[in-house]
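Enquirer: Data file run-v9.cif (mmCIF, C-alpha atoms) is appended below.
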```
data_my_file
loop_
_atom_site.label_atom_id
_atom_site.label_comp_id
_atom_site.auth_asym_id
_atom_site.auth_seq_id
_atom_site.Cartn_x
_atom_site.Cartn_y
_atom_site.Cartn_z
CA MET A 1 36.83 181.41 114.64
CA LYS A 2 33.83 183.20 116.02
CA ILE A 3 33.11 181.65 119.42
CA VAL A 4 30.42 182.13 122.08
CA LEU A 5 31.20 181.05 125.66
CA VAL A 6 28.07 180.42 127.72
CA HIS A 7 28.09 180.50 131.51
CA ARG A 8 25.61 181.92 134.00
CA ASN A 9 28.51 183.19 136.15
CA PHE A 10 30.99 183.90 133.35
CA PRO A 11 33.94 183.50 133.22
CA GLY A 12 33.54 180.50 135.56
CA GLN A 13 35.40 177.55 134.07
CA PHE A 14 36.40 179.70 131.08
CA ARG A 15 38.61 182.06 133.09
CA TYR A 16 41.74 180.79 131.30
CA LEU A 17 40.22 179.64 128.03
CA ALA A 18 38.62 182.97 127.14
CA PRO A 19 41.85 185.03 127.15
CA ALA A 20 43.70 182.22 125.34
CA LEU A 21 41.16 182.27 122.52
CA ILE A 22 41.39 186.04 122.25
CA LYS A 23 45.20 185.92 122.26
CA ARG A 24 45.31 183.54 119.31
CA GLY A 25 42.93 185.75 117.33
CA ASP A 26 39.49 184.21 117.78
CA GLU A 27 36.49 186.55 117.96
CA VAL A 28 34.87 185.77 121.31
CA ARG A 29 31.56 186.68 122.93
CA ALA A 30 30.16 185.68 126.33
CA LEU A 31 26.52 184.79 126.95
CA THR A 32 25.64 185.22 130.64
CA TRP A 33 22.93 186.14 133.13
CA SER A 34 22.27 189.86 133.46
CA GLN A 35 22.77 189.68 137.23
CA ASN A 36 26.26 188.20 136.94
CA GLN A 37 28.57 190.66 138.72
CA ASN A 38 31.87 189.09 137.65
CA GLN A 39 34.25 191.05 135.48
CA ARG A 40 33.79 190.36 131.78
CA GLN A 41 36.84 189.76 129.63
CA VAL A 42 34.95 189.92 126.33
CA PRO A 43 31.89 191.60 124.76
CA THR A 44 28.84 190.18 126.47
CA ILE A 45 25.36 189.05 125.51
CA GLU A 46 23.11 189.20 128.57
CA TYR A 47 19.86 187.36 129.17
CA GLU A 48 17.34 188.45 131.76
CA VAL A 49 15.33 185.97 133.80
CA GLU A 50 13.93 185.77 137.29
CA PRO A 51 13.95 182.19 138.58
CA PRO A 52 10.66 181.00 140.04
CA PRO A 53 10.51 180.81 143.83
CA GLY A 54 10.26 177.54 145.69
CA ASN A 55 12.07 174.24 145.90
CA ASN A 56 9.83 171.60 144.37
CA PRO A 57 10.54 169.45 141.29
CA VAL A 58 8.35 171.48 138.95
CA GLN A 59 10.09 174.71 139.92
CA HIS A 60 13.56 173.17 139.48
CA TYR A 61 12.61 172.03 136.00
CA ALA A 62 10.88 175.31 135.12
CA ALA A 63 13.84 177.43 136.24
CA ASN A 64 16.23 175.72 133.82
CA LEU A 65 13.78 175.94 130.93
CA MET A 66 13.31 179.64 131.66
CA ASN A 67 17.08 180.10 131.55
CA ALA A 68 17.16 178.26 128.21
CA GLN A 69 14.40 180.38 126.71
CA ALA A 70 15.88 183.66 127.91
CA ALA A 71 19.38 182.76 126.73
CA ALA A 72 18.15 181.73 123.29
CA ASN A 73 16.07 184.90 122.86
CA ALA A 74 19.03 187.09 123.85
CA ALA A 75 21.33 185.18 121.51
CA ALA A 76 18.93 185.49 118.59
CA ALA A 77 18.42 189.22 119.17
CA TYR A 78 22.16 189.85 119.39
CA SER A 79 22.90 187.81 116.30
CA GLN A 80 20.29 189.68 114.30
CA ALA A 81 21.39 193.11 115.53
CA GLU A 82 25.15 192.58 115.24
CA GLY A 83 25.35 190.05 112.45
CA PHE A 84 27.39 187.79 114.72
CA VAL A 85 27.01 184.12 113.83
CA PRO A 86 29.41 181.83 115.72
CA ASP A 87 31.32 178.88 114.35
CA LEU A 88 31.47 177.35 117.82
CA VAL A 89 29.41 177.54 121.03
CA ILE A 90 30.96 176.27 124.26
CA GLY A 91 28.61 176.34 127.22
CA SER A 92 28.05 175.02 130.69
CA ILE A 93 25.02 172.74 130.68
CA ASN A 94 24.46 173.26 134.42
CA TRP A 95 21.65 175.83 134.23
CA GLY A 96 19.93 174.97 130.96
CA GLU A 97 21.23 177.96 129.02
CA THR A 98 22.50 175.90 126.08
CA LEU A 99 19.30 173.93 125.38
CA PHE A 100 17.94 176.06 122.51
CA LEU A 101 21.17 177.58 121.20
CA ARG A 102 21.43 174.95 118.46
CA ASP A 103 18.11 176.29 117.17
CA VAL A 104 19.52 179.82 117.13
CA TRP A 105 22.84 178.82 115.56
CA PRO A 106 22.22 175.49 113.76
CA GLU A 107 25.42 175.62 111.70
CA ALA A 108 27.70 176.04 114.70
CA ARG A 109 29.49 173.23 116.53
CA HIS A 110 28.25 172.92 120.12
CA ILE A 111 30.42 171.78 123.03
CA GLY A 112 28.93 171.32 126.49
CA TYR A 113 30.81 171.66 129.77
CA ALA A 114 29.58 168.64 131.73
CA GLU A 115 30.52 169.28 135.35
CA PHE A 116 28.35 166.88 137.36
CA PHE A 117 25.28 164.68 136.95
CA TYR A 118 22.96 164.47 139.93
CA ASP A 119 21.57 161.26 141.33
CA PRO A 120 19.64 160.76 144.59
CA LYS A 121 21.69 157.65 145.35
CA GLY A 122 25.43 157.14 145.68
CA ARG A 123 26.67 160.71 145.35
CA ASP A 124 26.29 163.90 147.31
CA THR A 125 22.59 163.69 148.15
CA ASP A 126 22.62 160.62 150.39
CA PHE A 127 26.27 160.72 151.46
CA ASP A 128 25.94 162.34 154.89
CA PRO A 129 23.26 160.63 157.01
CA GLU A 130 23.37 163.45 159.56
CA PHE A 131 21.76 165.87 157.12
CA SER A 132 20.03 163.62 154.63
CA ARG A 133 17.15 161.25 155.30
CA PRO A 134 15.56 158.90 152.74
CA ASP A 135 12.67 160.90 151.40
CA LEU A 136 10.67 160.72 148.17
CA ALA A 137 10.28 164.49 147.95
CA ARG A 138 14.05 164.93 148.27
CA ASP A 139 14.71 162.33 145.57
CA MET A 140 12.23 163.97 143.20
CA ARG A 141 13.94 167.33 143.67
CA VAL A 142 17.27 165.77 142.77
CA VAL A 143 15.92 163.97 139.71
CA ALA A 144 14.28 167.22 138.58
CA ARG A 145 17.79 168.68 138.32
CA THR A 146 18.74 166.21 135.59
CA PRO A 147 16.43 166.66 132.54
CA HIS A 148 18.22 169.79 131.35
CA LEU A 149 21.57 168.04 131.83
CA LEU A 150 20.39 165.14 129.66
CA MET A 151 19.04 167.51 127.05
CA GLY A 152 22.18 169.63 127.15
CA ALA A 153 24.39 166.58 126.74
CA THR A 154 22.24 165.18 123.94
CA ARG A 155 22.24 168.45 122.00
CA SER A 156 26.01 168.88 122.28
CA ASP A 157 28.35 167.60 119.60
CA HIS A 158 31.00 167.03 122.26
CA LEU A 159 31.39 167.37 126.02
CA ILE A 160 34.19 168.43 128.38
CA SER A 161 34.45 167.28 131.99
CA PRO A 162 37.22 168.41 134.39
CA THR A 163 37.95 165.09 136.12
CA LYS A 164 37.50 161.40 135.41
CA TRP A 165 35.21 160.92 138.36
CA GLN A 166 32.98 163.84 137.42
CA ALA A 167 32.75 162.47 133.88
CA SER A 168 31.78 159.08 135.32
CA THR A 169 28.70 160.57 136.96
CA PHE A 170 27.07 161.00 133.54
CA PRO A 171 25.04 158.13 132.06
CA SER A 172 27.19 155.65 130.16
CA GLU A 173 25.72 156.52 126.78
CA PHE A 174 27.33 159.98 126.96
CA ARG A 175 30.81 159.03 128.10
CA SER A 176 32.16 158.31 124.63
CA LYS A 177 31.62 161.97 123.71
CA ILE A 178 33.28 163.35 126.88
CA SER A 179 36.87 164.60 126.85
CA VAL A 180 38.31 164.76 130.36
CA VAL A 181 40.27 168.00 130.46
CA HIS A 182 40.76 170.05 133.61
CA ASP A 183 40.48 173.85 133.45
CA GLY A 184 44.14 174.01 134.49
CA VAL A 185 46.27 175.32 137.35
CA ASP A 186 48.68 178.19 136.74
CA THR A 187 51.71 176.62 138.40
CA THR A 188 53.97 179.41 137.16
CA MET A 189 52.06 181.94 139.21
CA LEU A 190 51.24 179.56 142.07
CA GLN A 191 54.53 178.55 143.69
CA PRO A 192 55.77 178.05 147.26
CA ASP A 193 57.20 181.20 148.82
CA PRO A 194 59.37 180.88 151.96
CA GLY A 195 59.02 184.63 152.46
CA ALA A 196 55.21 184.67 152.38
CA ARG A 197 53.24 186.70 154.92
CA PHE A 198 49.53 186.81 155.74
CA LYS A 199 47.81 189.32 157.98
CA LEU A 200 44.91 188.07 160.08
CA PRO A 201 41.76 190.15 160.63
CA ASN A 202 43.07 191.08 164.11
CA GLY A 203 46.27 192.49 162.59
CA GLN A 204 48.51 189.59 163.61
CA GLU A 205 50.91 188.51 160.86
CA LEU A 206 51.61 184.90 160.00
CA LYS A 207 54.69 183.83 158.06
CA ALA A 208 55.90 180.70 156.35
CA GLY A 209 57.22 178.33 159.01
CA ASP A 210 54.61 179.30 161.59
CA GLU A 211 52.21 176.67 162.84
CA VAL A 212 49.16 177.42 160.69
CA LEU A 213 46.21 175.18 159.81
CA THR A 214 44.11 176.34 156.86
CA PHE A 215 40.65 175.52 155.54
CA VAL A 216 39.27 177.20 152.41
CA ASN A 217 35.91 177.02 150.69
CA ARG A 218 33.49 179.34 148.95
CA ASN A 219 31.06 178.79 151.81
CA LEU A 220 31.42 177.08 155.19
CA GLU A 221 29.04 174.13 154.91
CA PRO A 222 28.75 170.35 155.37
CA TYR A 223 29.25 169.66 151.63
CA ARG A 224 32.86 170.65 152.22
CA GLY A 225 33.20 169.04 155.64
CA PHE A 226 33.04 172.18 157.77
CA HIS A 227 31.18 170.35 160.53
CA ILE A 228 33.76 167.56 160.64
CA LEU A 229 36.75 169.87 161.01
CA MET A 230 34.97 171.99 163.61
CA ARG A 231 34.38 168.88 165.73
CA ALA A 232 38.07 167.98 165.47
CA LEU A 233 39.35 171.46 166.38
CA PRO A 234 38.94 171.31 170.19
CA THR A 235 41.36 168.37 170.43
CA ILE A 236 43.73 169.84 167.82
CA LEU A 237 43.91 173.29 169.45
CA LYS A 238 44.44 171.74 172.86
CA ALA A 239 47.27 169.53 171.58
CA ARG A 240 48.99 172.36 169.69
CA PRO A 241 49.13 175.47 171.92
CA ASN A 242 50.95 177.57 169.30
CA LEU A 243 48.59 176.73 166.46
CA GLN A 244 46.68 179.37 164.51
CA VAL A 245 43.66 178.12 162.56
CA VAL A 246 42.47 180.18 159.58
CA MET A 247 39.12 179.35 157.97
CA VAL A 248 38.22 181.10 154.72
CA GLY A 249 34.67 181.11 153.36
CA GLY A 250 31.36 182.89 153.28
CA GLU A 251 28.31 182.06 155.33
CA GLU A 252 25.68 182.19 152.59
CA ARG A 253 23.86 179.18 151.22
CA GLY A 254 26.31 177.01 149.32
CA TYR A 255 25.84 173.74 147.48
CA GLY A 256 23.69 172.29 150.22
CA PRO A 257 20.74 173.63 152.22
CA VAL A 258 21.00 176.06 155.11
CA PRO A 259 20.27 174.61 158.57
CA ALA A 260 17.29 176.93 159.05
CA PRO A 261 16.12 180.32 157.77
CA ASP A 262 18.51 183.08 158.89
CA VAL A 263 20.87 180.54 160.51
CA THR A 264 24.36 179.76 159.20
CA TRP A 265 26.43 176.61 159.55
CA LYS A 266 29.07 178.64 161.35
CA GLN A 267 26.49 179.59 163.98
CA VAL A 268 25.35 175.97 164.30
CA MET A 269 28.86 174.63 164.80
CA MET A 270 29.93 177.40 167.18
CA ARG A 271 26.91 176.56 169.33
CA GLU A 272 27.98 172.92 169.29
CA VAL A 273 31.72 173.25 169.98
CA GLY A 274 32.43 176.94 170.52
CA ASP A 275 32.82 176.67 174.30
CA LYS A 276 35.57 174.04 173.76
CA LEU A 277 37.63 176.25 171.43
CA ASP A 278 40.33 178.79 172.09
CA THR A 279 38.71 181.37 169.85
CA ARG A 280 41.75 183.65 170.12
CA ARG A 281 43.52 181.19 167.84
CA LEU A 282 40.59 180.49 165.50
CA HIS A 283 40.18 183.07 162.74
CA PHE A 284 37.22 183.31 160.36
CA THR A 285 38.16 185.61 157.49
CA GLY A 286 35.06 185.36 155.32
CA ARG A 287 35.92 185.49 151.63
CA ILE A 288 39.22 187.20 150.86
CA PRO A 289 40.92 188.56 147.72
CA TYR A 290 42.66 185.94 145.62
CA ALA A 291 46.15 187.37 146.23
CA ASP A 292 45.57 187.13 149.99
CA LEU A 293 44.35 183.56 149.61
CA VAL A 294 47.56 182.63 147.81
CA SER A 295 49.64 184.21 150.58
CA LEU A 296 47.66 182.34 153.22
CA LEU A 297 48.20 178.99 151.54
CA GLN A 298 51.90 179.77 151.19
CA VAL A 299 52.21 180.06 154.99
CA SER A 300 50.07 176.97 155.71
CA ARG A 301 51.72 174.08 157.53
CA ALA A 302 48.71 171.81 156.94
CA HIS A 303 45.72 172.41 154.70
CA VAL A 304 42.44 170.54 155.22
CA TYR A 305 40.07 169.79 152.35
CA LEU A 306 36.94 167.69 152.61
CA SER A 307 34.23 167.13 150.05
CA TYR A 308 31.13 165.03 149.59
CA PRO A 309 31.20 163.01 146.34
CA PHE A 310 30.69 166.19 144.32
CA VAL A 311 32.62 168.63 142.14
CA LEU A 312 36.26 169.12 143.09
CA SER A 313 37.26 172.62 144.21
CA TRP A 314 39.91 174.63 142.37
CA SER A 315 41.30 175.61 145.78
CA MET A 316 42.45 172.07 146.60
CA MET A 317 44.52 171.74 143.44
CA GLU A 318 45.85 175.29 143.77
CA SER A 319 46.93 174.56 147.36
CA MET A 320 48.88 171.54 146.11
CA ALA A 321 50.55 173.70 143.46
CA LEU A 322 51.59 176.06 146.26
CA GLY A 323 53.30 173.19 148.05
CA CYS A 324 50.73 172.65 150.78
CA LEU A 325 50.45 169.42 152.70
CA VAL A 326 46.82 168.63 151.91
CA ILE A 327 44.93 166.37 154.29
CA GLY A 328 41.88 165.41 152.28
CA SER A 329 38.77 163.33 152.64
CA ASP A 330 38.94 159.83 151.19
CA THR A 331 36.09 160.51 148.77
CA PRO A 332 36.20 159.83 145.01
CA PRO A 333 36.80 163.37 143.68
CA VAL A 334 39.63 163.96 146.17
CA ALA A 335 41.23 160.52 145.84
CA GLU A 336 41.51 161.00 142.08
CA VAL A 337 44.17 163.66 142.72
CA ILE A 338 45.63 162.79 146.13
CA GLU A 339 47.36 159.46 146.71
CA HIS A 340 47.65 158.68 150.40
CA GLN A 341 51.18 159.04 151.77
CA LYS A 342 52.46 159.85 148.27
CA ASN A 343 51.40 163.44 147.60
CA GLY A 344 49.11 164.08 150.55
CA LEU A 345 47.06 162.36 153.22
CA LEU A 346 43.56 160.89 153.03
CA VAL A 347 41.20 160.41 155.98
CA ASP A 348 37.72 158.89 156.08
CA PHE A 349 35.30 161.81 155.77
CA PHE A 350 33.39 161.02 158.99
CA ASP A 351 36.32 159.86 161.17
CA VAL A 352 36.77 162.80 163.55
CA PRO A 353 39.46 161.06 165.67
CA GLY A 354 41.24 160.17 162.43
CA TRP A 355 41.26 163.84 161.42
CA GLU A 356 42.54 164.84 164.84
CA GLY A 357 45.43 162.38 164.69
CA ALA A 358 46.45 163.15 161.09
CA ILE A 359 46.34 166.91 161.57
CA ILE A 360 48.20 166.89 164.89
CA ASP A 361 50.96 164.71 163.46
CA ALA A 362 51.28 166.94 160.38
CA LEU A 363 51.56 170.04 162.55
CA GLU A 364 54.05 168.43 164.90
CA ASN A 365 56.34 166.99 162.21
CA PRO A 366 56.62 169.38 159.25
CA LYS A 367 59.97 167.95 158.08
CA LYS A 368 58.50 164.46 157.95
CA TYR A 369 55.89 165.62 155.45
CA GLN A 370 58.06 167.84 153.26
CA PRO A 371 58.42 165.07 150.63
CA LEU A 372 54.62 164.92 150.33
CA ARG A 373 54.46 168.68 149.84
CA ASP A 374 57.07 168.46 147.09
CA ALA A 375 55.24 165.55 145.48
CA ALA A 376 51.94 167.42 145.62
CA ARG A 377 53.32 170.31 143.60
CA ALA A 378 55.11 167.96 141.21
CA HIS A 379 51.87 166.07 140.54
CA ILE A 380 49.93 169.24 139.74
CA VAL A 381 52.72 170.51 137.47
CA GLU A 382 52.93 167.19 135.65
CA THR A 383 49.21 166.52 135.28
CA TYR A 384 47.22 169.74 135.61
CA ASP A 385 49.56 172.56 134.59
CA LEU A 386 47.65 175.22 132.70
CA LYS A 387 50.17 176.14 130.01
CA THR A 388 51.79 172.79 129.24
CA ARG A 389 48.93 170.36 129.85
CA CYS A 390 45.39 171.63 130.17
CA LEU A 391 45.18 174.68 127.92
CA PRO A 392 46.69 172.93 124.89
CA ARG A 393 44.19 170.08 125.36
CA LEU A 394 41.30 172.51 125.73
CA LEU A 395 42.34 174.24 122.52
CA ASP A 396 42.50 170.83 120.83
CA VAL A 397 38.88 170.28 121.87
CA VAL A 398 37.97 173.72 120.53
CA ASP A 399 39.61 172.89 117.20
CA GLY A 400 37.97 169.47 116.99
CA ASN A 401 41.21 167.55 117.44
CA LEU A 402 40.33 165.80 120.71
#
```
Would you encode the structure as structure tokens?

Expert:
Amino acid sequence: MKIVLVHRNFPGQFRYLAPALIKRGDEVRALTWSQNQNQRQVPTIEYEVEPPPGNNPVQHYAANLMNAQAAANAAAAYSQAEGFVPDLVIGSINWGETLFLRDVWPEARHIGYAEFFYDPKGRDTDFDPEFSRPDLARDMRVVARTPHLLMGATRSDHLISPTKWQASTFPSEFRSKISVVHDGVDTTMLQPDPGARFKLPNGQELKAGDEVLTFVNRNLEPYRGFHILMRALPTILKARPNLQVVMVGGEERGYGPVPAPDVTWKQVMMREVGDKLDTRRLHFTGRIPYADLVSLLQVSRAHVYLSYPFVLSWSMMESMALGCLVIGSDTPPVAEVIEHQKNGLLVDFFDVPGWEGAIIDALENPKKYQPLRDAARAHIVETYDLKTRCLPRLLDVVDGNL
């Protein structure tokens, strides 16, 4: 088939699907934003657009329509110049890019990647009372992030969502057209390694068996519980004098707002608890190469993952595949994968003493929790393995068989 994969930050969720399609002989193109700096695996169609400044409902709505218009114009120009007319278009509906592609390629089948549907109540927006106050302007901004999702879902012949909970965030009238298929975890590549080593920024080397607590996210922010773990660290570091804590993540704006212009959440939390921490044993690495991240997780004795009711991070499932003991927040996206005391531990998101106790016990008793580490990997292999589970199902969706 001739297939177009659409994603503002391509490859994004198509990082495994794209090469699989090419390998089986499909002719694949990517449609992406011109400012996307990620490596491209396939010939690329680029659209150019500058999002409007500001953070009000009209600008949210306008930005996604501008993406849609620019993507459609680029697609039409490419199709006319190259004679490329796809049989299938698979695109993320997150940024509006897919809205007009049915008008460019009306004969193609259109599949939308439905990652998350926003709502001002009951999900991420009003979850954390510390950073979210009831406010009409806030609610309007959130609702303004949904029209393009509704349009994208409506104009798709079929939808894919990575988890059951994420699929459930979409209005009920769309759920019958959603296939729940995760992007997949490469459990062949991601395996425990008793000989793993990781070098800290200060040159110190950590090895499997050392007392290491890990925390990994794209950005250090409240959406992923950074503030909660930071408040638990003084007690944890004091109780475990040999512990090394490694926190991976950038300091840019993430899924949620920044605390103030030119201020990062790391700065905020260090001001709050920094004088109570042994900073010689607390290591902020920033973002690190993927191979280094794998090595770090392979030496982890306990791995902490928190999330608002929002999209589930690849890193949590990859850490389980690597045999980590994951201590996760008892929130819907996390609890879909982790069963408490079966393949990991769950703690109430806001319960700082609960986090302290669970983490200290995990660090103190690694043998006690080895069965949970084994069960974590087994669950990912059985349910989310790329080659035996997820990729075949994704290809079934592509071929119209699921």

Enquirer: Please enumerate the residues selected by the PyMOL selection byres ((chain A and resi 110) around 9) when evaluated against the supplied file, formatted as a count of residues only.

Expert: 17

Enquirer: Neighbouring residues of Leu99 in chain A were defined as those with any atom within 7 Å, considering all atoms listed in the file; residues of the same chain fewer than 6 positions away were excluded. Please report them as a VMD selection string.

Expert: chain A and resid 68 151 to 152

Enquirer: Taking into account all atoms listed in the file, which residue in the set A:Phe284, A:Tyr308, A:Tyr369, A:Phe131 is nearest to Arg224 in chain A?

Expert: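 Among A:Phe284, A:Tyr308, A:Tyr369, A:Phe131, it is A:Tyr308 that comes nearest to Arg224 in chain A.
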
Enquirer: Using all atoms listed in the file, find each residue of range 43-110 of chain A with at least one atom at most 8 Å away from an atom of range 13-30 of chain A; report its shortest atom-to-atom pair and that distance in Å (one decimal), sort the rows by chain and rising residue number, and return the result as a Markdown table.

Expert:
```
| residue | atom | partner | partner_atom | distance |
| --- | --- | --- | --- | --- |
| A:Pro43 | CA | A:Arg29 | CA | 5.3 |
| A:Thr44 | CA | A:Ala30 | CA | 4.7 |
| A:Ile45 | CA | A:Ala30 | CA | 5.9 |
```

Enquirer: A:Val245, A:Asp262, A:Pro86, A:Asp292: which is nearest Glu107 in chain A, counting all atoms listed in the file?

Expert: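 Checking each of A:Val245, A:Asp262, A:Pro86, A:Asp292 against Glu107 in chain A, counting all atoms listed in the file, the winner is A:Pro86.
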
Enquirer: Considering all atoms listed in the file, return as a PDB file with C-alpha atoms, in the coordinates of the input whatever protein or nucleic-acid residues lie within 12 Å of range 139-142 of chain A, sequence-local ones (same chain, fewer than 2 positions apart) excluded.

Expert:
```pdb
ATOM      1  CA  GLY A  54      10.260 177.540 145.690  1.00  0.00           C
ATOM      2  CA  ASN A  55      12.070 174.240 145.900  1.00  0.00           C
ATOM      3  CA  ASN A  56       9.830 171.600 144.370  1.00  0.00           C
ATOM      4  CA  PRO A  57      10.540 169.450 141.290  1.00  0.00           C
ATOM      5  CA  VAL A  58       8.350 171.480 138.950  1.00  0.00           C
ATOM      6  CA  GLN A  59      10.090 174.710 139.920  1.00  0.00           C
ATOM      7  CA  HIS A  60      13.560 173.170 139.480  1.00  0.00           C
ATOM      8  CA  TYR A  61      12.610 172.030 136.000  1.00  0.00           C
ATOM      9  CA  PHE A 117      25.280 164.680 136.950  1.00  0.00           C
ATOM     10  CA  TYR A 118      22.960 164.470 139.930  1.00  0.00           C
ATOM     11  CA  ASP A 119      21.570 161.260 141.330  1.00  0.00           C
ATOM     12  CA  PRO A 120      19.640 160.760 144.590  1.00  0.00           C
ATOM     13  CA  LYS A 121      21.690 157.650 145.350  1.00  0.00           C
ATOM     14  CA  GLY A 122      25.430 157.140 145.680  1.00  0.00           C
ATOM     15  CA  ARG A 123      26.670 160.710 145.350  1.00  0.00           C
ATOM     16  CA  ASP A 124      26.290 163.900 147.310  1.00  0.00           C
ATOM     17  CA  THR A 125      22.590 163.690 148.150  1.00  0.00           C
ATOM     18  CA  ASP A 126      22.620 160.620 150.390  1.00  0.00           C
ATOM     19  CA  SER A 132      20.030 163.620 154.630  1.00  0.00           C
ATOM     20  CA  ARG A 133      17.150 161.250 155.300  1.00  0.00           C
ATOM     21  CA  PRO A 134      15.560 158.900 152.740  1.00  0.00           C
ATOM     22  CA  ASP A 135      12.670 160.900 151.400  1.00  0.00           C
ATOM     23  CA  LEU A 136      10.670 160.720 148.170  1.00  0.00           C
ATOM     24  CA  ALA A 137      10.280 164.490 147.950  1.00  0.00           C
ATOM     25  CA  ALA A 144      14.280 167.220 138.580  1.00  0.00           C
ATOM     26  CA  ARG A 145      17.790 168.680 138.320  1.00  0.00           C
ATOM     27  CA  THR A 146      18.740 166.210 135.590  1.00  0.00           C
ATOM     28  CA  PRO A 147      16.430 166.660 132.540  1.00  0.00           C
ATOM     29  CA  LEU A 149      21.570 168.040 131.830  1.00  0.00           C
ATOM     30  CA  GLY A 256      23.690 172.290 150.220  1.00  0.00           C
TER      31      GLY A 256
END
```

Enquirer: Which centre and which edge lengths, in Å to one decimal, describe the axis-aligned box that holds all listed atoms of range 126-136 of chain A after 8 Å is added on each side, as AutoDock Vina command-line options?

Expert:
```
--center_x 18.5 --center_y 162.4 --center_z 153.9 --size_x 31.6 --size_y 23.0 --size_z 27.4
```
